[in-house]
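A.B. asks: Handing over entry-v8.cif, mmCIF, C-alpha atoms and all ligand atoms.
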data_coords
loop_
_atom_site.label_atom_id
_atom_site.label_comp_id
_atom_site.auth_asym_id
_atom_site.auth_seq_id
_atom_site.Cartn_x
_atom_site.Cartn_y
_atom_site.Cartn_z
CA MET Y 1 27.31 -11.30 -37.07
CA ALA Y 2 30.29 -9.20 -38.21
CA GLN Y 3 32.47 -7.81 -35.41
CA THR Y 4 31.68 -4.18 -36.24
CA ALA Y 5 27.94 -4.91 -36.05
CA VAL Y 6 28.41 -6.51 -32.61
CA ALA Y 7 30.46 -3.51 -31.46
CA THR Y 8 27.78 -1.07 -32.67
CA GLU Y 9 25.05 -3.08 -30.95
CA ASN Y 10 26.99 -3.17 -27.65
CA GLN Y 11 27.68 0.54 -27.94
CA ALA Y 12 23.99 1.28 -28.47
CA GLY Y 13 23.11 -0.62 -25.27
CA ARG Y 14 25.59 1.27 -23.09
CA HIS Y 15 24.95 4.69 -21.67
CA GLN Y 16 26.96 7.49 -23.24
CA GLU Y 17 28.78 10.42 -21.71
CA VAL Y 18 26.75 12.74 -23.92
CA GLY Y 19 23.06 12.38 -23.13
CA HIS Y 20 23.88 10.35 -20.03
CA LYS Y 21 20.59 10.72 -18.18
CA SER Y 22 21.49 9.62 -14.67
CA LEU Y 23 22.42 12.87 -13.00
CA LEU Y 24 22.90 11.61 -9.48
CA GLN Y 25 26.66 11.87 -9.41
CA SER Y 26 27.33 12.80 -5.81
CA ASP Y 27 26.06 12.74 -2.24
CA ASP Y 28 25.84 16.52 -2.46
CA LEU Y 29 23.35 16.23 -5.28
CA TYR Y 30 21.25 13.79 -3.24
CA GLN Y 31 21.41 16.14 -0.24
CA TYR Y 32 20.29 18.96 -2.55
CA ILE Y 33 17.19 16.95 -3.55
CA LEU Y 34 16.37 16.26 0.09
CA GLU Y 35 16.86 19.83 1.25
CA THR Y 36 15.26 21.55 -1.74
CA SER Y 37 12.29 19.35 -2.61
CA VAL Y 38 11.73 16.69 0.01
CA TYR Y 39 12.20 18.02 3.55
CA PRO Y 40 10.37 21.33 2.97
CA ARG Y 41 7.28 19.42 1.76
CA GLU Y 42 7.50 16.44 4.11
CA PRO Y 43 4.29 16.16 6.17
CA GLU Y 44 4.96 16.83 9.88
CA PRO Y 45 4.05 13.26 11.00
CA MET Y 46 6.48 11.76 8.47
CA LYS Y 47 9.22 14.06 9.76
CA GLU Y 48 8.45 12.99 13.33
CA LEU Y 49 8.50 9.31 12.40
CA ARG Y 50 11.73 9.73 10.42
CA GLU Y 51 13.36 11.30 13.49
CA ILE Y 52 12.14 8.54 15.83
CA THR Y 53 13.41 5.92 13.39
CA ALA Y 54 16.82 7.62 13.09
CA ASN Y 55 17.42 6.75 16.76
CA HIS Y 56 16.59 3.08 16.30
CA PRO Y 57 19.51 0.64 15.94
CA TRP Y 58 18.17 -0.82 12.66
CA ASN Y 59 17.52 2.58 11.07
CA ILE Y 60 19.34 1.50 7.89
CA MET Y 61 16.15 -0.43 7.03
CA THR Y 62 13.86 2.59 6.77
CA THR Y 63 12.49 3.89 3.49
CA SER Y 64 14.27 7.12 2.58
CA ALA Y 65 12.44 10.46 2.65
CA ASP Y 66 12.65 10.94 -1.13
CA GLU Y 67 11.22 7.47 -1.71
CA GLY Y 68 8.45 8.22 0.80
CA GLN Y 69 7.60 11.34 -1.18
CA PHE Y 70 7.67 9.33 -4.41
CA LEU Y 71 5.32 6.64 -3.04
CA ASN Y 72 2.93 9.26 -1.70
CA MET Y 73 2.76 10.97 -5.10
CA LEU Y 74 2.46 7.69 -7.04
CA LEU Y 75 -0.46 6.49 -4.91
CA LYS Y 76 -2.32 9.73 -5.55
CA LEU Y 77 -1.57 9.59 -9.29
CA ILE Y 78 -3.05 6.10 -9.61
CA ASN Y 79 -5.95 6.88 -7.24
CA ALA Y 80 -5.04 3.91 -5.09
CA LYS Y 81 -7.61 2.84 -2.52
CA ASN Y 82 -6.93 -0.79 -1.65
CA THR Y 83 -3.25 -1.46 -0.95
CA MET Y 84 -0.86 -3.89 0.71
CA GLU Y 85 2.58 -3.51 2.25
CA ILE Y 86 4.97 -6.35 3.02
CA GLY Y 87 7.74 -5.12 5.36
CA VAL Y 88 6.68 -2.31 7.69
CA TYR Y 89 9.55 -1.78 10.19
CA THR Y 90 8.64 1.49 12.02
CA GLY Y 91 6.15 2.46 9.32
CA TYR Y 92 7.65 5.31 7.26
CA SER Y 93 6.47 3.95 3.88
CA LEU Y 94 3.24 2.85 5.56
CA LEU Y 95 2.57 6.38 6.76
CA ALA Y 96 3.46 7.79 3.31
CA THR Y 97 0.85 5.38 1.92
CA ALA Y 98 -1.79 6.02 4.58
CA LEU Y 99 -1.53 9.80 4.07
CA ALA Y 100 -2.00 9.39 0.31
CA LEU Y 101 -5.13 7.21 0.42
CA PRO Y 102 -8.68 8.54 0.67
CA ASP Y 103 -10.34 8.34 4.08
CA ASP Y 104 -11.92 4.96 3.25
CA GLY Y 105 -8.66 3.62 1.77
CA LYS Y 106 -7.14 0.40 3.13
CA ILE Y 107 -3.68 -1.02 3.73
CA LEU Y 108 -3.03 -4.61 4.68
CA ALA Y 109 0.37 -4.28 6.36
CA MET Y 110 2.46 -7.31 7.27
CA ASP Y 111 5.64 -7.74 9.24
CA ILE Y 112 7.17 -10.47 11.38
CA ASN Y 113 8.08 -7.79 13.95
CA LYS Y 114 5.29 -5.89 15.69
CA GLU Y 115 7.50 -4.06 18.19
CA ASN Y 116 9.02 -1.81 15.55
CA TYR Y 117 5.60 -1.03 14.09
CA GLU Y 118 4.47 -0.05 17.58
CA LEU Y 119 7.28 2.50 17.78
CA GLY Y 120 5.74 4.37 14.86
CA LEU Y 121 2.09 3.67 15.64
CA PRO Y 122 1.52 6.64 17.99
CA VAL Y 123 2.63 9.00 15.20
CA ILE Y 124 0.36 7.22 12.70
CA GLU Y 125 -2.54 7.51 15.15
CA LYS Y 126 -1.85 11.18 15.79
CA ALA Y 127 -1.86 11.76 12.02
CA GLY Y 128 -5.44 10.39 11.96
CA VAL Y 129 -4.78 7.61 9.45
CA ALA Y 130 -4.47 4.49 11.64
CA HIS Y 131 -8.05 3.41 10.77
CA LYS Y 132 -6.88 2.67 7.21
CA ILE Y 133 -4.34 0.09 8.42
CA GLU Y 134 -4.85 -3.59 9.20
CA PHE Y 135 -1.56 -4.85 10.65
CA LYS Y 136 -0.85 -8.59 10.60
CA GLU Y 137 2.12 -9.85 12.58
CA GLY Y 138 3.93 -12.82 11.05
CA PRO Y 139 5.45 -14.00 7.78
CA ALA Y 140 3.63 -12.67 4.73
CA LEU Y 141 3.85 -15.73 2.53
CA PRO Y 142 1.27 -17.94 4.32
CA VAL Y 143 -1.15 -14.99 4.41
CA LEU Y 144 -0.75 -14.54 0.65
CA ASP Y 145 -1.28 -18.27 0.12
CA GLN Y 146 -4.55 -18.07 2.03
CA MET Y 147 -5.66 -15.05 0.06
CA VAL Y 148 -4.88 -16.72 -3.25
CA ALA Y 149 -6.72 -19.88 -2.16
CA ASP Y 150 -9.71 -17.79 -1.12
CA GLY Y 151 -10.61 -16.45 -4.57
CA LYS Y 152 -12.30 -13.26 -3.31
CA TYR Y 153 -9.04 -11.28 -3.18
CA HIS Y 154 -8.03 -11.92 -6.79
CA GLY Y 155 -7.46 -8.73 -8.75
CA SER Y 156 -8.44 -6.57 -5.78
CA TYR Y 157 -5.31 -4.52 -4.99
CA ASP Y 158 -4.51 -1.17 -6.62
CA PHE Y 159 -1.00 -1.06 -5.20
CA ILE Y 160 1.32 -3.44 -3.35
CA PHE Y 161 4.68 -2.38 -1.88
CA VAL Y 162 7.18 -5.15 -1.16
CA ASP Y 163 10.06 -4.21 1.14
CA ALA Y 164 10.89 -7.33 3.17
CA ASP Y 165 12.92 -10.57 2.85
CA LYS Y 166 14.62 -10.35 -0.54
CA ASP Y 167 15.00 -14.13 -0.82
CA ASN Y 168 11.20 -14.40 -1.02
CA TYR Y 169 10.47 -11.69 -3.61
CA LEU Y 170 9.96 -14.20 -6.42
CA ASN Y 171 7.68 -16.25 -4.16
CA TYR Y 172 5.74 -13.08 -3.39
CA HIS Y 173 5.56 -12.21 -7.08
CA LYS Y 174 3.97 -15.58 -7.94
CA ARG Y 175 1.13 -14.79 -5.54
CA LEU Y 176 0.87 -11.01 -5.86
CA ILE Y 177 0.37 -11.17 -9.62
CA ASP Y 178 -3.02 -12.78 -8.85
CA LEU Y 179 -3.93 -10.34 -6.10
CA VAL Y 180 -3.10 -7.04 -7.84
CA LYS Y 181 -5.76 -5.84 -10.24
CA VAL Y 182 -5.14 -5.55 -13.99
CA GLY Y 183 -3.66 -2.05 -14.38
CA GLY Y 184 -2.58 -2.07 -10.72
CA VAL Y 185 1.02 -1.72 -9.57
CA ILE Y 186 3.43 -3.82 -7.50
CA GLY Y 187 6.54 -1.96 -6.28
CA TYR Y 188 9.56 -4.08 -5.38
CA ASP Y 189 12.05 -2.18 -3.24
CA ASN Y 190 15.86 -2.52 -3.12
CA THR Y 191 16.23 -3.80 -6.67
CA LEU Y 192 19.63 -2.11 -6.99
CA TRP Y 193 20.65 -3.62 -3.64
CA ASN Y 194 23.32 -1.17 -2.50
CA GLY Y 195 24.73 -1.05 -6.03
CA SER Y 196 25.89 -4.65 -5.53
CA VAL Y 197 24.01 -5.79 -8.64
CA VAL Y 198 27.02 -4.61 -10.67
CA ALA Y 199 29.74 -5.48 -8.14
CA PRO Y 200 32.54 -7.78 -9.35
CA PRO Y 201 32.49 -11.29 -7.77
CA ASP Y 202 35.43 -10.47 -5.43
CA ALA Y 203 34.09 -7.08 -4.27
CA PRO Y 204 34.22 -6.61 -0.47
CA LEU Y 205 30.49 -6.65 0.27
CA ARG Y 206 28.88 -6.77 3.68
CA LYS Y 207 27.71 -10.31 4.49
CA TYR Y 208 23.97 -9.66 4.20
CA VAL Y 209 24.46 -7.66 0.99
CA ARG Y 210 26.37 -10.56 -0.56
CA TYR Y 211 23.81 -13.10 0.69
CA TYR Y 212 20.76 -11.41 -0.87
CA ARG Y 213 22.52 -10.16 -4.01
CA ASP Y 214 21.86 -13.28 -6.10
CA PHE Y 215 18.17 -13.22 -5.17
CA VAL Y 216 17.91 -9.60 -6.31
CA LEU Y 217 19.72 -10.39 -9.58
CA GLU Y 218 17.37 -13.31 -10.19
CA LEU Y 219 14.32 -11.17 -9.40
CA ASN Y 220 15.40 -8.41 -11.78
CA LYS Y 221 15.85 -10.92 -14.61
CA ALA Y 222 12.53 -12.60 -13.90
CA LEU Y 223 10.60 -9.31 -13.79
CA ALA Y 224 12.18 -8.16 -17.06
CA ALA Y 225 11.09 -11.43 -18.71
CA ASP Y 226 7.55 -11.58 -17.27
CA PRO Y 227 5.02 -10.92 -20.07
CA ARG Y 228 2.17 -10.36 -17.56
CA ILE Y 229 3.64 -7.01 -16.46
CA GLU Y 230 5.29 -3.92 -17.80
CA ILE Y 231 8.11 -2.62 -15.64
CA CYS Y 232 10.03 0.49 -14.80
CA GLN Y 233 13.10 0.39 -12.54
CA LEU Y 234 13.80 3.70 -10.84
CA PRO Y 235 17.03 4.68 -9.06
CA VAL Y 236 15.08 6.11 -6.13
CA GLY Y 237 16.23 5.03 -2.68
CA ASP Y 238 17.91 1.65 -3.13
CA GLY Y 239 16.12 1.13 -6.45
CA ILE Y 240 12.43 0.43 -6.87
CA THR Y 241 10.93 -1.59 -9.70
CA LEU Y 242 7.33 -0.77 -10.53
CA CYS Y 243 5.37 -3.56 -12.19
CA ARG Y 244 2.04 -2.76 -13.82
CA ARG Y 245 -0.14 -5.80 -14.35
CA LEU Y 246 -1.17 -6.21 -17.96
CA SER Y 247 -3.44 -9.24 -17.93
C1 LIG Y 301 13.50 -2.84 4.99
S1 LIG Y 301 12.43 -3.16 6.32
C2 LIG Y 301 10.95 -2.35 5.84
C3 LIG Y 301 11.07 -0.85 5.83
C4 LIG Y 301 9.75 -0.13 5.77
N1 LIG Y 301 9.08 -0.29 4.49
C5 LIG Y 301 9.95 1.35 6.10
O1 LIG Y 301 9.43 2.21 5.38
O2 LIG Y 301 10.61 1.64 7.08
C6 LIG Y 301 12.08 -4.86 6.10
C7 LIG Y 301 11.04 -5.43 7.05
O3 LIG Y 301 10.64 -6.70 6.56
C8 LIG Y 301 10.28 -7.50 7.65
N2 LIG Y 301 10.26 -8.90 7.25
C9 LIG Y 301 11.30 -9.73 7.09
N3 LIG Y 301 10.88 -10.94 6.70
C10 LIG Y 301 9.52 -10.88 6.60
C11 LIG Y 301 8.50 -11.79 6.23
N4 LIG Y 301 8.80 -13.05 5.90
N5 LIG Y 301 7.21 -11.38 6.23
C12 LIG Y 301 6.90 -10.10 6.58
N6 LIG Y 301 7.82 -9.19 6.93
C13 LIG Y 301 9.11 -9.56 6.94
C14 LIG Y 301 11.33 -7.16 8.70
O4 LIG Y 301 10.89 -7.47 10.01
C15 LIG Y 301 11.52 -5.65 8.47
O5 LIG Y 301 10.76 -4.88 9.37
#
Go ahead and render the structure in this file as structure tokens.
Ligand SMILES: C[S@@+](CC[C@H](N)C(=O)[O-])C[C@H]1O[C@@H](n2cnc3c(N)ncnc32)[C@H](O)[C@@H]1O

C.D. replies:
Amino acid sequence: MAQTAVATENQAGRHQEVGHKSLLQSDDLYQYILETSVYPREPEPMKELREITANHPWNIMTTSADEGQFLNMLLKLINAKNTMEIGVYTGYSLLATALALPDDGKILAMDINKENYELGLPVIEKAGVAHKIEFKEGPALPVLDQMVADGKYHGSYDFIFVDADKDNYLNYHKRLIDLVKVGGVIGYDNTLWNGSVVAPPDAPLRKYVRYYRDFVLELNKALAADPRIEICQLPVGDGITLCRRLS
């Protein structure tokens, strides 16, 4: 290929100053979104749970309020009824999900740590949505293996949210693609991983960010190449990639 053709092709793939569509240029703009559109509409129980979580030492793990609002809206848009969540922590995304589902909706929620879930549980109970949740304590992968082996769960989930151990996302994907229904959605959280996906090799990254970075990069490539799904990566929270099962 001639050099000018290569240059034009590269140029076409890069975002441009004019028509640059990512508007989130500052923390102030993010704060504006929170204060204008998210906090005023945040259901009272989610606010209460967000405040409890803010006092917990691992609060960096929580789903952000704007992402909670996004999940809640998405679940309503797709009329989700049967859902799964891998990675619960104190339950902010779980509560956003539980509030969006119909009264007979279901969430299979899994986490290796039950103590943190129990911090949020009283708020979930007070909100009147705890009956939708089945919480399983322990690693998610063996549970998924059992569900795949027991054919009755195939194609049964409308929505699955994955927000746990990043080094297992591809292992989860191999199983979840069987469990989500055709037309259903899997959401993988943290696919921009603190922005580290574009960090130079010598960038000063926190240890855990550096450790999981390669797994996130590998996941993003694998999802983009997977013909069984269509995908959409959104810069909400730490990046969420929605995968809609095609076949
Ligand atoms: C980022 S937090 C989840 C945040 C949560 N979605 C929220 O809205 O607050 C990740 C969670 O994954 C859990 N986790 C880590 N490894 C896991 C595994 N193998 N199976 C299930 N959960 C796991 C951790 O205990 C932690 O609570």

A.B. asks: Just checking: using only C-alpha atoms and all ligand atoms, which residue out of Y:Tyr157, Y:Phe70, Y:Tyr117, Y:Tyr211 ends up closest to ligand LIG 301 (chain Y)?

C.D. replies: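 Residue with the minimum atom-to-atom distance to ligand LIG 301 (chain Y): Y:Tyr117.
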
A.B. asks: Within 7 Å of ligand LIG 301 (chain Y), which residues show up when you count all atoms listed in the file? List them as a ChimeraX atom specification, please.

C.D. replies: /Y:61-63,86-94,110-113,138-141,163-165

A.B. asks: Can you work out the spacing between atom CA of Leu217 of chain Y and atom CA of Glu67 of chain Y in Å, to one decimal?

C.D. replies: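 One can read the atom CA of Leu217 of chain Y to atom CA of Glu67 of chain Y distance as 21.3 Å.
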
A.B. asks: Choose the residue, out of Y:Cys243, Y:Val236, Y:Trp193, Y:Asp103, that has the smallest atom-to-atom separation from Ile33 of chain Y; count all atoms listed in the file.

C.D. replies: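 Of the candidates, the smallest distance to Ile33 of chain Y is held by Y:Val236.
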
A.B. asks: Quick one: residues within 12 Å of Tyr39 of chain Y, all atoms listed in the file, excluding same-chain residues fewer than 2 positions away - as a PyMOL selection string?

C.D. replies: chain Y and resi 31-37+41-44+46-48+50+64-69

A.B. asks: Residues within 9 Å of Phe215 of chain Y, please, as JSON, numbers by chain. Count all atoms listed in the file; anything in the same chain fewer than 5 positions from it doesn't count.

C.D. replies: {"Y": [166, 167, 168, 169, 170, 220]}

A.B. asks: Write a file of the just-selected residues containing C-alpha atoms, as a PDB file, keeping the file's coordinate frame.

C.D. replies:
ATOM      1  CA  LYS Y 166      14.620 -10.350  -0.540  1.00  0.00           C
ATOM      2  CA  ASP Y 167      15.000 -14.130  -0.820  1.00  0.00           C
ATOM      3  CA  ASN Y 168      11.200 -14.400  -1.020  1.00  0.00           C
ATOM      4  CA  TYR Y 169      10.470 -11.690  -3.610  1.00  0.00           C
ATOM      5  CA  LEU Y 170       9.960 -14.200  -6.420  1.00  0.00           C
ATOM      6  CA  ASN Y 220      15.400  -8.410 -11.780  1.00  0.00           C
TER       7      ASN Y 220
END

A.B. asks: Considering all atoms listed in the file, can you say which of Y:Asp226, Y:Asp238, Y:Glu134, Y:Glu125 comes closest to Lys106 of chain Y?

C.D. replies: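 Comparing Y:Asp226, Y:Asp238, Y:Glu134, Y:Glu125 against Lys106 of chain Y, the winner is Y:Glu134.
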